[in-house]
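Shown here: start_17.txt, compact mmCIF, C-alpha atoms (C1' of nucleotides).
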```txt
# COMPACT_ATOMS: atom_id res chain seq x y z
CA MET A 1 165.63 136.06 36.95
CA PRO A 2 167.91 134.78 34.20
CA TRP A 3 166.51 131.25 34.29
CA LYS A 4 162.92 132.39 33.76
CA GLY A 5 161.46 131.02 30.58
CA ILE A 6 164.50 128.78 30.10
CA LYS A 7 163.67 125.26 28.95
CA ASP A 8 167.15 123.79 29.29
CA PRO A 9 166.74 121.21 32.07
CA TYR A 10 170.39 121.64 33.06
CA ARG A 11 169.92 125.32 33.78
CA ILE A 12 166.64 124.73 35.56
CA TRP A 13 168.20 122.00 37.67
CA LEU A 14 171.19 124.17 38.53
CA SER A 15 169.06 127.17 39.47
CA GLU A 16 166.69 125.09 41.58
CA VAL A 17 169.47 123.38 43.50
CA ILE A 18 171.14 126.72 44.16
CA LEU A 19 167.84 128.13 45.39
CA GLN A 20 167.14 125.31 47.83
CA GLN A 21 166.79 127.08 51.19
CA THR A 22 168.45 130.08 49.59
CA ARG A 23 167.15 133.52 48.64
CA VAL A 24 167.09 134.54 45.02
CA GLU A 25 169.25 137.58 45.74
CA GLN A 26 171.91 135.39 47.31
CA GLY A 27 171.80 132.63 44.70
CA LEU A 28 171.74 134.80 41.59
CA LYS A 29 175.48 135.54 41.47
CA TYR A 30 176.30 131.89 42.04
CA TYR A 31 174.02 130.82 39.19
CA GLU A 32 175.58 133.27 36.76
CA ASN A 33 179.04 132.25 37.84
CA PHE A 34 178.26 128.56 37.39
CA ILE A 35 176.71 129.05 33.96
CA HIS A 36 179.70 131.12 32.89
CA ASN A 37 182.14 128.43 34.03
CA PHE A 38 180.02 125.41 33.12
CA PRO A 39 177.63 126.22 30.25
CA THR A 40 176.54 122.59 29.91
CA VAL A 41 176.16 119.54 32.13
CA ARG A 42 179.15 118.09 30.30
CA ASP A 43 181.33 121.00 31.39
CA LEU A 44 180.22 120.58 34.99
CA ALA A 45 180.84 116.83 34.87
CA ALA A 46 184.35 117.36 33.54
CA ALA A 47 185.27 120.05 36.07
CA ASP A 48 187.76 119.65 38.87
CA GLU A 49 185.82 119.04 42.07
CA LYS A 50 187.78 121.68 44.01
CA LYS A 51 186.95 124.28 41.42
CA VAL A 52 183.25 123.50 41.72
CA PHE A 53 183.38 123.75 45.50
CA LYS A 54 185.28 127.02 45.21
CA LEU A 55 182.42 128.40 43.11
CA TRP A 56 179.97 127.12 45.72
CA GLU A 57 181.97 128.61 48.61
CA GLY A 58 179.81 130.71 50.90
CA LEU A 59 176.50 129.37 49.63
CA GLY A 60 176.13 126.79 52.38
CA TYR A 61 174.62 123.31 52.48
CA TYR A 62 177.68 121.89 50.74
CA SER A 63 176.14 118.47 50.18
CA ARG A 64 174.21 120.21 47.41
CA CYS A 65 177.50 120.83 45.64
CA LYS A 66 178.69 117.27 46.15
CA ASN A 67 175.42 115.90 44.80
CA LEU A 68 175.47 118.37 41.91
CA ILE A 69 178.84 117.02 40.77
CA HIS A 70 177.74 113.44 41.29
CA THR A 71 174.57 113.87 39.26
CA ALA A 72 176.30 115.84 36.49
CA ARG A 73 178.77 112.99 36.07
CA LYS A 74 176.01 110.42 36.10
CA ILE A 75 174.08 112.26 33.39
CA SER A 76 177.22 112.84 31.38
CA THR A 77 178.55 109.30 31.46
CA GLU A 78 175.51 107.07 31.89
CA LEU A 79 172.78 109.06 30.19
CA ASN A 80 174.76 110.44 27.27
CA SER A 81 174.37 113.96 28.68
CA ARG A 82 170.58 113.80 28.23
CA PHE A 83 168.60 114.92 31.24
CA PRO A 84 165.92 112.39 32.24
CA ASP A 85 162.50 113.53 31.05
CA SER A 86 160.14 111.78 33.45
CA TYR A 87 159.34 112.83 37.01
CA ALA A 88 160.23 109.42 38.42
CA ALA A 89 163.60 109.34 36.66
CA ILE A 90 164.41 112.91 37.69
CA LEU A 91 163.52 112.13 41.30
CA GLN A 92 166.03 109.29 41.30
CA LEU A 93 168.94 111.70 40.87
CA LYS A 94 171.01 112.59 43.92
CA GLY A 95 170.22 115.97 45.40
CA ILE A 96 166.84 116.12 43.71
CA GLY A 97 163.84 115.70 45.97
CA PRO A 98 160.11 116.14 45.34
CA TYR A 99 160.31 119.91 45.00
CA THR A 100 163.18 120.07 42.53
CA ALA A 101 161.86 117.11 40.53
CA ALA A 102 158.48 118.82 40.14
CA ALA A 103 160.15 122.09 39.17
CA ILE A 104 162.30 120.47 36.47
CA ALA A 105 159.45 118.27 35.23
CA SER A 106 157.03 121.17 34.90
CA PHE A 107 159.39 123.91 33.69
CA ALA A 108 161.49 121.86 31.27
CA PHE A 109 159.05 119.19 30.15
CA ASN A 110 155.60 120.66 30.88
CA LEU A 111 154.74 117.63 33.01
CA PRO A 112 151.83 117.99 35.48
CA HIS A 113 153.64 117.93 38.83
CA ALA A 114 152.95 120.53 41.50
CA VAL A 115 155.87 122.17 43.24
CA ILE A 116 155.52 122.24 47.00
CA ASP A 117 157.98 124.63 48.58
CA GLY A 118 157.89 127.15 51.40
CA ASN A 119 155.83 129.56 49.30
CA VAL A 120 153.23 126.96 48.43
CA PHE A 121 152.94 125.83 52.05
CA ARG A 122 152.35 129.41 53.14
CA VAL A 123 149.93 130.45 50.37
CA LEU A 124 147.75 127.36 50.66
CA ALA A 125 147.78 127.35 54.46
CA ARG A 126 146.49 130.92 54.43
CA VAL A 127 144.05 130.85 51.52
CA PHE A 128 142.48 127.61 52.76
CA GLY A 129 142.89 128.39 56.45
CA ILE A 130 144.89 125.25 57.24
CA ARG A 131 145.51 125.26 60.98
CA GLU A 132 147.29 121.94 60.97
CA ALA A 133 151.03 122.44 61.50
CA ILE A 134 152.76 122.20 58.14
CA ASP A 135 155.88 120.57 59.59
CA THR A 136 153.96 117.42 60.50
CA THR A 137 153.06 114.49 58.31
CA ALA A 138 149.37 115.31 58.59
CA GLY A 139 149.91 118.94 57.62
CA LYS A 140 152.10 118.04 54.67
CA LYS A 141 149.50 115.58 53.41
CA ILE A 142 146.80 118.25 53.43
CA ILE A 143 148.93 120.78 51.57
CA THR A 144 150.21 118.21 49.10
CA ALA A 145 146.69 117.05 48.24
CA LEU A 146 145.53 120.63 47.77
CA ALA A 147 148.52 121.54 45.62
CA GLU A 148 148.06 118.58 43.31
CA GLN A 149 144.34 119.25 42.99
CA LEU A 150 144.85 122.94 42.23
CA LEU A 151 147.60 122.44 39.64
CA ASP A 152 146.74 123.57 36.13
CA LYS A 153 147.48 120.36 34.24
CA LYS A 154 147.58 122.20 30.91
CA GLU A 155 150.18 124.73 31.98
CA PRO A 156 151.87 123.26 35.05
CA GLY A 157 155.03 125.30 34.55
CA THR A 158 153.17 128.60 34.38
CA TYR A 159 151.03 127.66 37.36
CA ASN A 160 153.99 126.57 39.47
CA GLN A 161 155.91 129.72 38.65
CA ALA A 162 152.87 131.83 39.45
CA ILE A 163 152.11 130.42 42.88
CA MET A 164 155.73 130.71 43.94
CA ASP A 165 155.99 134.28 42.63
CA PHE A 166 152.77 135.10 44.43
CA GLY A 167 154.13 133.72 47.69
CA ALA A 168 157.39 135.59 47.29
CA THR A 169 155.92 138.96 46.39
CA VAL A 170 152.39 139.23 47.82
CA CYS A 171 151.75 136.44 50.34
CA ARG A 172 155.09 137.07 52.06
CA PRO A 173 156.04 135.43 55.37
CA ALA A 174 156.03 138.78 57.17
CA ASN A 175 153.92 141.81 56.26
CA PRO A 176 151.99 140.21 53.40
CA ASP A 177 150.33 142.63 51.01
CA CYS A 178 146.76 141.62 51.83
CA ALA A 179 145.41 145.06 50.90
CA ASP A 180 146.21 144.50 47.22
CA CYS A 181 145.75 140.75 47.20
CA PRO A 182 143.53 139.34 44.44
CA PHE A 183 142.56 136.48 46.74
CA GLN A 184 141.37 138.76 49.51
CA ASN A 185 137.75 137.69 49.10
CA HIS A 186 138.66 134.03 48.92
CA CYS A 187 141.26 133.86 51.65
CA VAL A 188 140.11 132.10 54.82
CA ALA A 189 143.02 133.50 56.82
CA PHE A 190 142.20 137.06 55.75
CA ARG A 191 138.51 136.64 56.51
CA GLU A 192 139.28 135.25 59.95
CA ASP A 193 142.14 137.68 60.55
CA ILE A 194 144.70 134.95 61.18
CA VAL A 195 147.04 135.67 58.27
CA ALA A 196 149.94 136.39 60.60
CA LEU A 197 149.33 133.15 62.49
CA LEU A 198 149.60 130.93 59.42
CA PRO A 199 151.25 128.72 58.50
CA VAL A 200 151.64 126.99 61.86
CA LYS A 201 154.96 125.39 62.64
CA THR A 202 155.72 123.41 65.76
CA LYS A 203 159.32 122.29 65.64
CA LYS A 204 162.12 124.42 66.87
CA ILE A 205 165.75 123.49 66.64
CA ALA A 206 168.23 123.51 69.46
CA VAL A 207 171.35 125.51 68.74
CA ARG A 208 174.58 124.26 70.24
CA THR A 209 177.69 126.37 70.61
CA ARG A 210 181.07 125.09 69.49
CA TYR A 211 184.47 126.64 70.12
CA PHE A 212 187.03 126.37 67.33
CA TYR A 213 190.68 127.28 67.73
CA PHE A 214 192.48 127.33 64.39
CA PHE A 215 196.27 127.41 64.10
CA LEU A 216 198.05 129.28 61.34
CA PRO A 217 201.75 128.46 61.58
CA ILE A 218 203.36 130.34 58.72
CA TYR A 219 206.54 128.70 57.55
CA ARG A 220 208.20 129.91 54.35
CA ALA A 221 204.93 131.50 53.22
CA THR A 222 203.01 128.23 53.57
CA VAL A 223 200.40 127.04 56.05
CA PRO A 224 199.01 123.56 56.79
CA VAL A 225 195.52 122.85 55.46
CA ARG A 226 193.31 119.84 55.03
CA GLU A 227 189.94 118.93 53.62
CA ARG A 228 187.18 118.36 56.13
CA LEU A 229 186.01 114.82 55.48
CA SER A 230 184.33 113.77 58.72
CA LYS A 231 180.58 113.69 59.04
CA ASP A 232 180.21 117.22 60.29
CA ILE A 233 179.58 120.71 59.05
CA TRP A 234 181.60 122.02 56.12
CA GLN A 235 182.31 118.63 54.56
CA HIS A 236 184.69 119.00 51.60
CA LEU A 237 185.69 122.51 52.57
CA TYR A 238 189.22 123.17 53.80
CA GLU A 239 190.45 124.19 57.22
CA PHE A 240 193.58 124.90 59.22
CA PRO A 241 194.77 122.74 62.12
CA LEU A 242 191.91 122.83 64.59
CA ILE A 243 191.43 122.25 68.27
CA GLU A 244 187.78 122.14 69.23
CA LYS A 245 186.59 122.70 72.78
CA ALA A 246 183.19 122.25 74.38
CA ALA A 247 183.56 125.56 76.19
CA GLU A 248 185.41 128.82 75.84
CA THR A 249 189.04 128.16 76.71
CA PRO A 250 191.91 130.55 77.42
CA ALA A 251 194.38 130.85 74.56
CA ALA A 252 197.23 129.82 76.86
CA GLU A 253 195.58 126.48 77.50
CA ILE A 254 194.92 125.95 73.78
CA ILE A 255 198.54 126.72 73.01
CA ARG A 256 199.71 124.21 75.63
CA ALA A 257 197.58 121.57 73.95
CA ALA A 258 199.07 122.48 70.59
CA VAL A 259 202.57 122.22 72.02
CA ARG A 260 201.76 118.70 73.24
CA LYS A 261 200.67 117.83 69.68
CA GLY A 262 203.98 119.08 68.32
CA TRP A 263 202.21 121.89 66.47
CA LEU A 264 204.49 124.58 67.88
CA ARG A 265 207.21 125.22 70.44
CA GLN A 266 206.26 126.63 73.78
CA ASP A 267 208.37 129.75 73.25
CA THR A 268 206.88 130.58 69.84
CA LEU A 269 205.34 134.03 69.64
CA THR A 270 201.67 133.87 68.74
CA GLU A 271 199.09 136.33 67.53
CA ILE A 272 195.55 135.72 68.79
CA SER A 273 192.68 136.94 66.65
CA PRO A 274 189.41 138.30 67.97
CA VAL A 275 186.53 135.82 68.23
CA TYR A 276 184.63 135.30 64.98
CA THR A 277 181.08 134.10 65.40
CA GLN A 278 179.30 132.20 62.67
CA LYS A 279 175.64 131.47 63.17
CA LEU A 280 174.36 128.36 61.45
CA SER A 281 170.77 127.23 61.61
CA HIS A 282 171.63 124.64 64.25
CA GLN A 283 175.05 125.63 65.60
CA LEU A 284 176.82 128.73 66.82
CA ILE A 285 180.50 128.59 65.95
CA ARG A 286 182.95 130.76 67.87
CA SER A 287 186.33 130.71 66.16
CA VAL A 288 189.71 132.06 67.20
CA PHE A 289 192.75 132.06 64.92
CA ILE A 290 196.20 131.64 66.44
CA ALA A 291 198.95 132.67 64.06
CA CYS A 292 202.68 132.22 64.53
CA ARG A 293 205.90 132.16 62.52
CA PRO A 294 207.96 129.15 63.65
CA ALA A 295 211.69 129.26 62.95
CA ALA A 296 211.70 125.63 61.90
CA LYS A 297 209.01 123.54 60.24
CA PRO A 298 206.83 122.00 62.99
CA ALA A 299 206.47 118.24 62.87
CA GLY A 300 203.00 117.42 64.13
CA PHE A 301 200.94 118.02 61.00
CA GLU A 302 200.87 114.56 59.41
CA ASN A 303 197.34 114.90 58.11
CA TYR A 304 197.86 118.32 56.62
CA ARG A 305 199.57 119.58 53.53
CA TRP A 306 201.56 122.80 53.44
CA GLU A 307 199.93 125.18 51.02
CA LYS A 308 201.30 128.46 49.75
CA ILE A 309 199.41 131.35 51.25
CA THR A 310 198.95 132.78 47.78
CA ALA A 311 197.23 129.53 46.73
CA LEU A 312 194.66 129.63 49.51
CA LYS A 313 192.33 131.63 47.31
CA THR A 314 191.84 128.60 45.09
CA LEU A 315 190.65 126.42 47.99
CA PRO A 316 187.07 126.44 49.30
CA PHE A 317 186.82 127.50 52.95
CA PRO A 318 183.95 128.08 55.37
CA ARG A 319 182.78 131.66 55.60
CA THR A 320 184.27 132.20 59.02
CA ILE A 321 187.73 131.30 57.67
CA THR A 322 187.49 133.43 54.52
CA GLN A 323 186.43 136.33 56.70
CA HIS A 324 189.55 136.00 58.78
CA LEU A 325 191.76 135.55 55.71
CA ASP A 326 190.31 138.77 54.33
CA ASN A 327 191.47 140.61 57.46
CA PHE A 328 194.70 138.71 57.71
C1' DA B 1 159.57 111.36 62.74
C1' DA B 2 163.45 113.88 63.88
C1' DG B 3 168.08 115.78 62.98
C1' DA B 4 171.75 117.46 60.30
C1' DC B 5 173.15 120.53 57.11
C1' DG B 6 175.11 127.22 55.85
C1' DG B 7 174.62 131.50 55.35
C1' DG B 8 172.28 135.79 54.81
C1' DG B 9 168.60 139.09 55.48
C1' DG B 10 164.28 141.06 57.46
C1' DC B 11 162.20 142.78 61.42
C1' DG C 1 167.43 137.44 68.88
C1' DC C 2 164.23 134.89 66.09
C1' DC C 3 162.34 133.44 61.76
C1' DC C 4 162.55 132.34 57.04
C1' DC C 5 164.36 131.04 52.79
C1' DA C 6 162.37 128.05 45.16
C1' DG C 7 164.76 121.34 50.49
C1' DT C 8 167.31 116.91 50.72
C1' DC C 9 169.46 113.20 53.01
C1' DT C 10 170.35 110.33 56.93
C1' DT C 11 169.18 108.05 61.00
```

Translate this structure into structure tokens?
Amino acid sequence: MPWKGIKDPYRIWLSEVILQQTRVEQGLKYYENFIHNFPTVRDLAAADEKKVFKLWEGLGYYSRCKNLIHTARKISTELNSRFPDSYAAILQLKGIGPYTAAAIASFAFNLPHAVIDGNVFRVLARVFGIREAIDTTAGKKIITALAEQLLDKKEPGTYNQAIMDFGATVCRPANPDCADCPFQNHCVAFREDIVALLPVKTKKIAVRTRYFYFFLPIYRATVPVRERLSKDIWQHLYEFPLIEKAAETPAAEIIRAAVRKGWLRQDTLTEISPVYTQKLSHQLIRSVFIACRPAAKPAGFENYRWEKITALKTLPFPRTITQHLDNF
DNA sequence: AAGACGGGGGC
DNA sequence: GCCCCAGTCTT
């Protein structure tokens, strides 16, 4: 990993934020791309917000991107581009929680703070045979206490890196490599043959299905777009005029609704795309794209701006939209 | 304490 | 189809 051994807190911060709830293989390209475009926190702070979101496009959890920009600007303007060098000060920054603060503090400043991430939860739950669910307050307290007690205070960065590497490569979520594990003789879960049962998690999320019908009226090689600003998924990404339904709805009915909005004339020829499904952790999005080529500019798009189709590639869109644009 | 928030990959 | 991922923020 390109950030390994790096001491630059900016690079550590950037890599850790990118890797929040994200696999290394997925985040790697984004990290390299960001460093290439923004070598320093000053460059990131000075960047156009749309450009930053475009680089983040497809990575998900877009509030990370918003907070990244916010914190870069704060460091650049209020802290003279110097990254805070205490755990408490780092933790104050937007988008940085206990995990990322401990990672930056230990990797960049050799401060004795234990990282507690998914790997650490899993490794400690197994080695110490913690049967308490780790997604409860009680379970988290047990793991946190263990992690802080086990931390090598002399080399916290090395220790933190090691336990996470160990969790990622040996003590994996599925099919852990217990046969070659150096902790085999010390692992409660291995001894009691409950490795596959740990860690215990209780909560499960309900997935709701949403039905999106996007309109792509193409007029003089432009289409209406707008930034998603409501408190919903894909905040700060762009979208086309959208009609959302609570259930699957025939295209004819959607088009009638669009006609009532002034989005198109009833006699306009339309092209209906197949259904694109996008599975989020908590929602299932089923999207249909309805394209048409109106003879005159439709009126009912007050909240949208007409963007050249060739310029769409500079705007950040949700995955499901970029997938359709790729086929379009 | 519980939800909201993306997207991809393994099995 | 379900689970997990180098989590954080809001309610």

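When atom CA of A:Lys54 is paired with atom CA of A:Glu239, their separation reads 13.4 Å.
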
Mind giving me the straight-line distance from atom CA of A:Gly262 to atom CA of A:Glu244 in Å, one decimal?
16.5 Å

For A:Leu59, please output as number ranges by chain all residues within 10 Å (counting only C-alpha atoms (C1' of nucleotides); exclusion window: fewer than 6 positions along the same chain).
A: 18-19, 22, 26-27, 30, 53, 65, 318-319; B: 6-8

What residues in chain A lie within 8 Å of chain C, counting all atoms listed in the file, written as JSON, numbers by chain?
{"A": [16, 19, 20, 21, 22, 23, 95, 96, 97, 99, 117, 118, 119, 164, 173]}

For a quick test of understanding: name the residues of chain A lying within 8 Å of chain B when counting only C-alpha atoms (C1' of nucleotides), and present them as a PyMOL selection string.
chain A and resi 26+58-63+233+279-281
